[in-house]
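Engineer: Got a file for you: structure17.cif, mmCIF, C-alpha atoms.
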```
data_protein
#
loop_
_atom_site.label_atom_id
_atom_site.label_comp_id
_atom_site.auth_asym_id
_atom_site.auth_seq_id
_atom_site.Cartn_x
_atom_site.Cartn_y
_atom_site.Cartn_z
CA MET A 1 -27.27 32.51 -13.07
CA THR A 2 -25.27 35.73 -12.81
CA LEU A 3 -26.01 38.00 -15.79
CA LEU A 4 -23.88 40.98 -14.72
CA ALA A 5 -21.09 41.24 -12.17
CA LEU A 6 -19.29 44.49 -11.38
CA ASN A 7 -16.30 44.61 -9.05
CA ASP A 8 -14.78 47.96 -8.02
CA LEU A 9 -15.88 49.53 -11.30
CA THR A 10 -14.51 53.07 -11.34
CA VAL A 11 -14.74 55.86 -13.91
CA ARG A 12 -12.80 59.08 -13.47
CA ARG A 13 -12.93 62.50 -15.07
CA GLY A 14 -9.51 63.83 -14.26
CA GLU A 15 -9.01 63.15 -10.56
CA CYS A 16 -12.75 63.04 -9.83
CA PRO A 17 -14.41 59.59 -9.63
CA VAL A 18 -17.77 59.78 -11.42
CA VAL A 19 -18.37 56.13 -10.55
CA ASP A 20 -16.49 55.13 -7.42
CA HIS A 21 -15.72 51.41 -6.85
CA ALA A 22 -19.18 50.11 -7.78
CA THR A 23 -19.66 46.46 -6.89
CA PHE A 24 -22.82 44.38 -7.36
CA ARG A 25 -24.24 41.36 -9.16
CA ILE A 26 -27.47 40.86 -11.08
CA GLU A 27 -28.90 37.36 -11.21
CA GLY A 28 -31.51 36.02 -13.58
CA GLY A 29 -35.09 36.99 -12.83
CA GLU A 30 -34.48 40.51 -11.49
CA VAL A 31 -35.74 43.97 -12.38
CA VAL A 32 -33.14 46.21 -10.76
CA GLY A 33 -33.89 49.91 -10.54
CA LEU A 34 -30.85 52.19 -10.63
CA ILE A 35 -31.90 55.38 -8.85
CA GLY A 36 -30.26 58.55 -7.62
CA PRO A 37 -30.21 62.32 -8.16
CA ASN A 38 -29.08 63.97 -11.37
CA GLY A 39 -25.33 63.53 -11.76
CA ALA A 40 -25.16 60.55 -9.41
CA GLY A 41 -23.31 58.43 -12.00
CA LYS A 42 -26.10 56.13 -13.18
CA THR A 43 -25.62 56.58 -16.93
CA THR A 44 -21.84 56.50 -16.58
CA LEU A 45 -22.02 53.24 -14.66
CA MET A 46 -24.10 51.52 -17.32
CA ARG A 47 -21.97 52.80 -20.18
CA ALA A 48 -18.78 51.71 -18.42
CA ALA A 49 -20.24 48.26 -17.65
CA LEU A 50 -20.80 47.84 -21.41
CA GLY A 51 -17.31 49.03 -22.30
CA LEU A 52 -18.52 52.29 -23.84
CA LEU A 53 -16.37 54.34 -21.45
CA PRO A 54 -12.85 53.67 -20.12
CA SER A 55 -12.88 52.35 -16.58
CA THR A 56 -10.91 50.42 -14.00
CA GLY A 57 -12.15 47.47 -12.03
CA GLN A 58 -14.12 44.65 -13.57
CA SER A 59 -17.34 44.13 -15.52
CA SER A 60 -18.33 40.64 -16.59
CA LEU A 61 -19.54 42.08 -19.89
CA LEU A 62 -16.02 43.20 -20.77
CA ALA A 63 -14.82 39.62 -20.60
CA MET A 64 -17.00 38.87 -23.66
CA GLY A 65 -16.18 39.61 -27.25
CA PRO A 66 -18.35 42.22 -29.00
CA ALA A 67 -20.56 39.67 -30.78
CA GLU A 68 -21.15 37.62 -27.64
CA ARG A 69 -21.81 40.78 -25.63
CA ALA A 70 -24.44 41.91 -28.16
CA ARG A 71 -26.23 38.57 -27.77
CA HIS A 72 -26.03 38.79 -23.98
CA ALA A 73 -26.95 42.42 -23.24
CA ALA A 74 -29.18 44.94 -25.03
CA TRP A 75 -28.43 48.63 -24.48
CA LEU A 76 -31.18 51.25 -24.49
CA PRO A 77 -29.47 54.65 -24.14
CA GLN A 78 -31.06 57.81 -22.84
CA SER A 79 -30.71 59.51 -26.24
CA ARG A 80 -33.82 58.99 -28.38
CA GLU A 81 -32.74 60.49 -31.70
CA ILE A 82 -33.87 58.57 -34.78
CA ALA A 83 -32.08 60.13 -37.72
CA TRP A 84 -33.33 58.17 -40.74
CA PRO A 85 -36.95 57.80 -41.97
CA VAL A 86 -36.94 53.99 -41.92
CA ALA A 87 -40.10 52.02 -41.23
CA VAL A 88 -40.76 51.23 -37.59
CA ARG A 89 -40.62 47.50 -38.29
CA THR A 90 -37.24 47.84 -40.01
CA LEU A 91 -35.83 49.78 -37.07
CA VAL A 92 -37.06 47.19 -34.55
CA LEU A 93 -35.66 44.43 -36.76
CA LEU A 94 -32.19 45.90 -36.20
CA GLY A 95 -32.40 44.35 -32.74
CA ARG A 96 -32.03 40.96 -34.41
CA VAL A 97 -28.66 41.76 -36.03
CA PRO A 98 -26.58 40.10 -33.25
CA HIS A 99 -28.36 36.82 -34.01
CA LEU A 100 -27.68 36.89 -37.75
CA ALA A 101 -24.50 35.68 -39.41
CA GLY A 102 -22.90 37.98 -41.96
CA GLY A 103 -25.29 38.42 -44.88
CA GLN A 104 -27.95 36.18 -43.34
CA ARG A 105 -31.54 37.31 -43.92
CA PRO A 106 -34.01 37.41 -41.03
CA GLY A 107 -36.02 34.24 -40.63
CA ALA A 108 -39.33 33.30 -39.07
CA ALA A 109 -37.96 33.46 -35.52
CA ASP A 110 -36.64 36.98 -36.14
CA GLU A 111 -39.94 38.18 -37.58
CA ALA A 112 -41.81 36.62 -34.64
CA ALA A 113 -39.54 38.42 -32.16
CA VAL A 114 -40.24 41.72 -33.92
CA ASP A 115 -44.00 41.10 -33.93
CA GLU A 116 -43.94 40.35 -30.20
CA ALA A 117 -41.90 43.46 -29.40
CA LEU A 118 -44.16 45.70 -31.49
CA ALA A 119 -47.24 44.31 -29.76
CA ALA A 120 -45.66 44.70 -26.33
CA MET A 121 -45.06 48.41 -26.98
CA ASP A 122 -48.46 49.00 -28.62
CA LEU A 123 -46.82 49.70 -31.98
CA SER A 124 -48.27 47.08 -34.33
CA ALA A 125 -50.40 49.68 -36.10
CA PHE A 126 -47.30 51.81 -36.72
CA ALA A 127 -45.14 49.03 -38.20
CA ASP A 128 -45.02 50.50 -41.72
CA ARG A 129 -44.82 54.17 -40.70
CA PRO A 130 -41.50 56.03 -41.00
CA ALA A 131 -40.14 56.23 -37.46
CA THR A 132 -39.24 59.89 -37.90
CA GLU A 133 -42.95 60.76 -38.36
CA LEU A 134 -43.85 59.53 -34.88
CA SER A 135 -44.08 61.64 -31.74
CA GLY A 136 -41.22 61.68 -29.27
CA GLY A 137 -42.98 59.27 -26.94
CA GLU A 138 -43.82 56.91 -29.80
CA GLN A 139 -40.19 56.96 -30.95
CA ALA A 140 -39.14 56.08 -27.40
CA ARG A 141 -41.42 53.05 -27.52
CA VAL A 142 -39.90 52.02 -30.86
CA LEU A 143 -36.44 51.97 -29.31
CA ILE A 144 -37.69 49.96 -26.33
CA ALA A 145 -39.20 47.51 -28.83
CA ARG A 146 -35.85 47.22 -30.62
CA ALA A 147 -34.18 46.26 -27.32
CA LEU A 148 -36.93 43.73 -26.58
CA ALA A 149 -36.57 42.19 -30.05
CA GLN A 150 -32.88 41.58 -29.34
CA GLU A 151 -34.00 38.85 -26.90
CA THR A 152 -30.95 39.07 -24.67
CA PRO A 153 -30.66 37.64 -21.16
CA LEU A 154 -29.94 41.18 -19.89
CA ILE A 155 -31.24 44.64 -20.81
CA LEU A 156 -29.60 47.86 -19.63
CA ALA A 157 -32.09 50.69 -20.06
CA ASP A 158 -31.30 54.32 -19.25
CA GLU A 159 -34.47 56.24 -18.34
CA PRO A 160 -36.65 54.31 -20.83
CA THR A 161 -39.91 55.75 -19.46
CA ALA A 162 -38.91 59.42 -19.78
CA GLY A 163 -41.42 61.18 -22.04
CA LEU A 164 -43.93 58.33 -22.04
CA ASP A 165 -47.52 58.79 -20.92
CA PRO A 166 -48.49 56.96 -17.69
CA GLY A 167 -50.10 54.01 -19.45
CA HIS A 168 -47.06 53.29 -21.58
CA GLN A 169 -44.71 53.85 -18.63
CA ILE A 170 -46.53 51.14 -16.72
CA ALA A 171 -46.70 48.88 -19.80
CA ALA A 172 -42.93 49.13 -20.34
CA LEU A 173 -42.15 48.20 -16.75
CA GLU A 174 -44.72 45.41 -16.75
CA ARG A 175 -42.96 44.05 -19.81
CA PHE A 176 -39.68 44.10 -17.89
CA THR A 177 -41.44 42.16 -15.12
CA ASP A 178 -42.60 39.59 -17.68
CA LEU A 179 -38.99 39.17 -18.85
CA ALA A 180 -37.88 38.59 -15.26
CA ARG A 181 -40.46 35.83 -14.90
CA ARG A 182 -38.77 34.13 -17.86
CA GLY A 183 -35.37 34.32 -16.15
CA GLN A 184 -34.08 37.41 -17.96
CA SER A 185 -33.08 40.57 -16.08
CA VAL A 186 -33.24 44.33 -16.55
CA LEU A 187 -31.08 47.06 -15.06
CA VAL A 188 -33.16 50.19 -15.50
CA SER A 189 -32.32 53.76 -14.56
CA LEU A 190 -35.38 55.60 -13.26
CA HIS A 191 -36.14 59.02 -11.82
CA ASP A 192 -39.75 58.17 -11.04
CA LEU A 193 -39.40 56.58 -7.61
CA GLY A 194 -43.06 55.60 -7.60
CA LEU A 195 -42.55 53.41 -10.68
CA ALA A 196 -39.31 52.07 -9.22
CA ALA A 197 -40.98 51.15 -5.93
CA ARG A 198 -43.87 49.32 -7.61
CA HIS A 199 -42.13 47.52 -10.45
CA CYS A 200 -38.55 46.78 -9.40
CA THR A 201 -37.61 43.74 -7.35
CA ARG A 202 -34.54 45.57 -6.10
CA LEU A 203 -33.15 49.10 -6.04
CA ILE A 204 -29.56 50.32 -6.23
CA LEU A 205 -29.21 53.88 -4.97
CA MET A 206 -26.29 55.95 -6.25
CA HIS A 207 -25.13 59.27 -4.83
CA ARG A 208 -22.02 61.20 -5.86
CA GLY A 209 -20.69 58.22 -7.77
CA ARG A 210 -21.01 55.71 -4.94
CA ILE A 211 -23.56 53.03 -4.20
CA GLU A 212 -25.34 54.17 -1.04
CA ALA A 213 -27.85 51.32 -0.74
CA ASP A 214 -28.79 48.08 -2.48
CA GLY A 215 -31.87 46.11 -1.49
CA ARG A 216 -35.64 45.81 -1.60
CA PRO A 217 -37.54 49.00 -2.45
CA ARG A 218 -38.95 49.44 1.06
CA GLU A 219 -35.44 49.20 2.51
CA VAL A 220 -33.77 51.57 0.05
CA LEU A 221 -36.54 54.18 0.07
CA SER A 222 -36.14 54.80 3.78
CA PRO A 223 -36.92 58.20 5.31
CA ASP A 224 -33.24 58.77 6.16
CA LEU A 225 -31.96 57.99 2.66
CA LEU A 226 -34.71 60.00 1.00
CA ARG A 227 -33.75 62.97 3.16
CA ASP A 228 -29.98 62.61 2.84
CA VAL A 229 -29.78 61.75 -0.88
CA PHE A 230 -32.84 63.39 -2.47
CA GLY A 231 -33.72 66.00 0.14
CA ILE A 232 -37.38 64.96 0.21
CA ARG A 233 -40.04 63.53 2.49
CA ALA A 234 -42.36 60.92 0.98
CA HIS A 235 -45.25 58.58 1.68
CA LEU A 236 -44.52 54.86 1.29
CA SER A 237 -47.06 52.15 2.00
CA GLU A 238 -47.86 48.61 0.93
CA GLY A 239 -51.32 47.11 0.55
CA PRO A 240 -53.48 44.99 -1.75
CA ASP A 241 -52.38 47.07 -4.75
CA GLY A 242 -48.69 46.69 -3.92
CA VAL A 243 -46.19 49.38 -2.97
CA VAL A 244 -47.32 53.00 -3.26
CA PHE A 245 -44.73 55.77 -3.13
CA GLN A 246 -45.48 59.47 -3.35
CA PRO A 247 -43.00 62.32 -2.81
CA LEU A 248 -44.53 64.95 -0.52
CA GLU A 249 -42.16 67.84 -0.01
CA VAL A 250 -38.59 69.10 -0.28
CA ILE A 251 -36.85 69.29 3.07
CA GLY A 252 -33.59 70.90 4.14
#
```
Could the structure of this file be written out as structure tokens, please?

Structural biologist:
Amino acid sequence: MTLLALNDLTVRRGECPVVDHATFRIEGGEVVGLIGPNGAGKTTLMRAALGLLPSTGQSSLLAMGPAERARHAAWLPQSREIAWPVAVRTLVLLGRVPHLAGGQRPGAADEAAVDEALAAMDLSAFADRPATELSGGEQARVLIARALAQETPLILADEPTAGLDPGHQIAALERFTDLARRGQSVLVSLHDLGLAARHCTRLILMHRGRIEADGRPREVLSPDLLRDVFGIRAHLSEGPDGVVFQPLEVIG
């Protein structure tokens, strides 16, 4: 089942295309890593796909009404600011709003979804703490938990592992893998190419607003593309522990 389809999606700032005719599809059961240098257009692409920025071309999400879209796709933005001192559990429970009719109180299924999301992000012990009292990394995990609690077929996550310690980075991406096994999908923007290589079923490489490559991690993280797009040389191997990627040096 196709969960996201983009066709010639284009976003311009003045005459400059920030996203230039992006076309791809995401089917159920995928963890798709969106990679590329700073300023490549990754965040802009995701925001435009959700209708948060004006664009031309087509996004299947824009064919849905706002309520249907909120039940289909969860959005985890790069910004991590939590402004109000609400309890962690209350904040995560906000992910259930798209499933509640006007004025409807959360039920057992909603509470169970929140419990599962808190456990997945190692936050159960923080459930009653004001979210504003947590560290930056802990707040980031709270917002990931809110997206998980939304229980949508598709999650769009913009650099969700930034600021997390290695254990919680891996845990977040393993959770995305678990969702893919259930038939859900995640489009996740990542700068850590090692995490992308190990945990994504597919990578989409953006450069200067255009999609330069789309395929399996070993295909996309080729020496030529790493040199031409990132300006680096790296080690890439695959063994009993899976794919291992390590940047080695900057090259001209």

Engineer: Taking only residues of stretch 150-221 of chain A that have an atom at most 9 Å from an atom of stretch 232-243 of chain A, what is each one's shortest atom pair and its distance in Å to one decimal, using all atoms listed in the file, in chain and number order, as a Markdown table?

Structural biologist:
```
| residue | atom | partner | partner_atom | distance |
| --- | --- | --- | --- | --- |
| A:Gly194 | CA | A:Val243 | CA | 8.4 |
| A:Ala197 | CA | A:Val243 | CA | 6.2 |
| A:Arg198 | CA | A:Val243 | CA | 5.2 |
| A:His199 | CA | A:Val243 | CA | 8.7 |
| A:Pro217 | CA | A:Val243 | CA | 8.7 |
| A:Arg218 | CA | A:Leu236 | CA | 7.8 |
| A:Leu221 | CA | A:Leu236 | CA | 8.1 |
```

Engineer: I need the residue nearest A:Ala40 from this list: A:Ala108, A:Leu123, A:Met206, A:Val188. Use only C-alpha atoms for the distance.

Structural biologist: A:Met206

Engineer: Decode the PyMOL selection byres ((chain A and resi 187) around 8) for the given file into explicit residues and return them as a PyMOL selection string.

Structural biologist: chain A and resi 31-34+154-157+185-186+188-189

Engineer: Find the distance between atom CA of A:Gly29 and atom CA of A:Thr2 and write it in Å to one decimal.

Structural biologist: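 Spanning atom CA of A:Gly29 to atom CA of A:Thr2 is a straight-line distance of 9.9 Å.
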
Engineer: Could you list, with a cut-off of 10 Å and counting only C-alpha atoms, the residues of stretch 55-161 of chain A near stretch 171-181 of chain A, each shown with its nearest atom pair and the distance in Å rounded to one decimal, rows sorted by chain and ascending number, as a tab-separated table?

Structural biologist:
```
residue	atom	partner	partner_atom	distance
A:Ala117	CA	A:Arg175	CA	9.7
A:Ala120	CA	A:Arg175	CA	7.1
A:Met121	CA	A:Ala172	CA	7.0
A:Asp122	CA	A:Ala171	CA	9.0
A:Arg141	CA	A:Ala172	CA	8.3
A:Ile144	CA	A:Ala172	CA	8.0
A:Ala145	CA	A:Ala172	CA	9.4
A:Leu148	CA	A:Arg175	CA	9.1
A:Glu151	CA	A:Leu179	CA	9.5
A:Thr152	CA	A:Leu179	CA	9.9
A:Pro153	CA	A:Leu179	CA	8.8
A:Leu154	CA	A:Leu179	CA	9.3
A:Ile155	CA	A:Phe176	CA	8.9
A:Pro160	CA	A:Ala172	CA	8.2
A:Thr161	CA	A:Ala172	CA	7.3
```

Engineer: Starting from the shown file, work through the PyMOL selection byres ((chain A and resi 190) around 6) and note down what comes out as number ranges by chain.

Structural biologist: A: 35, 159, 189, 191-192

Engineer: Record the distance separating atom CA of A:Leu4 and atom CA of A:Thr23, expressed in Å with one decimal.

Structural biologist: 10.4 Å

Engineer: Please enumerate the residues selected by the PyMOL selection byres ((chain A and resi 71) around 10) when evaluated against the supplied file, formatted as number ranges by chain.

Structural biologist: A: 66-70, 72-74, 95-99, 150-154

Engineer: So how far away is atom CA of A:Ala49 from atom CA of A:Leu6, in Å?

Structural biologist: 7.4 Å
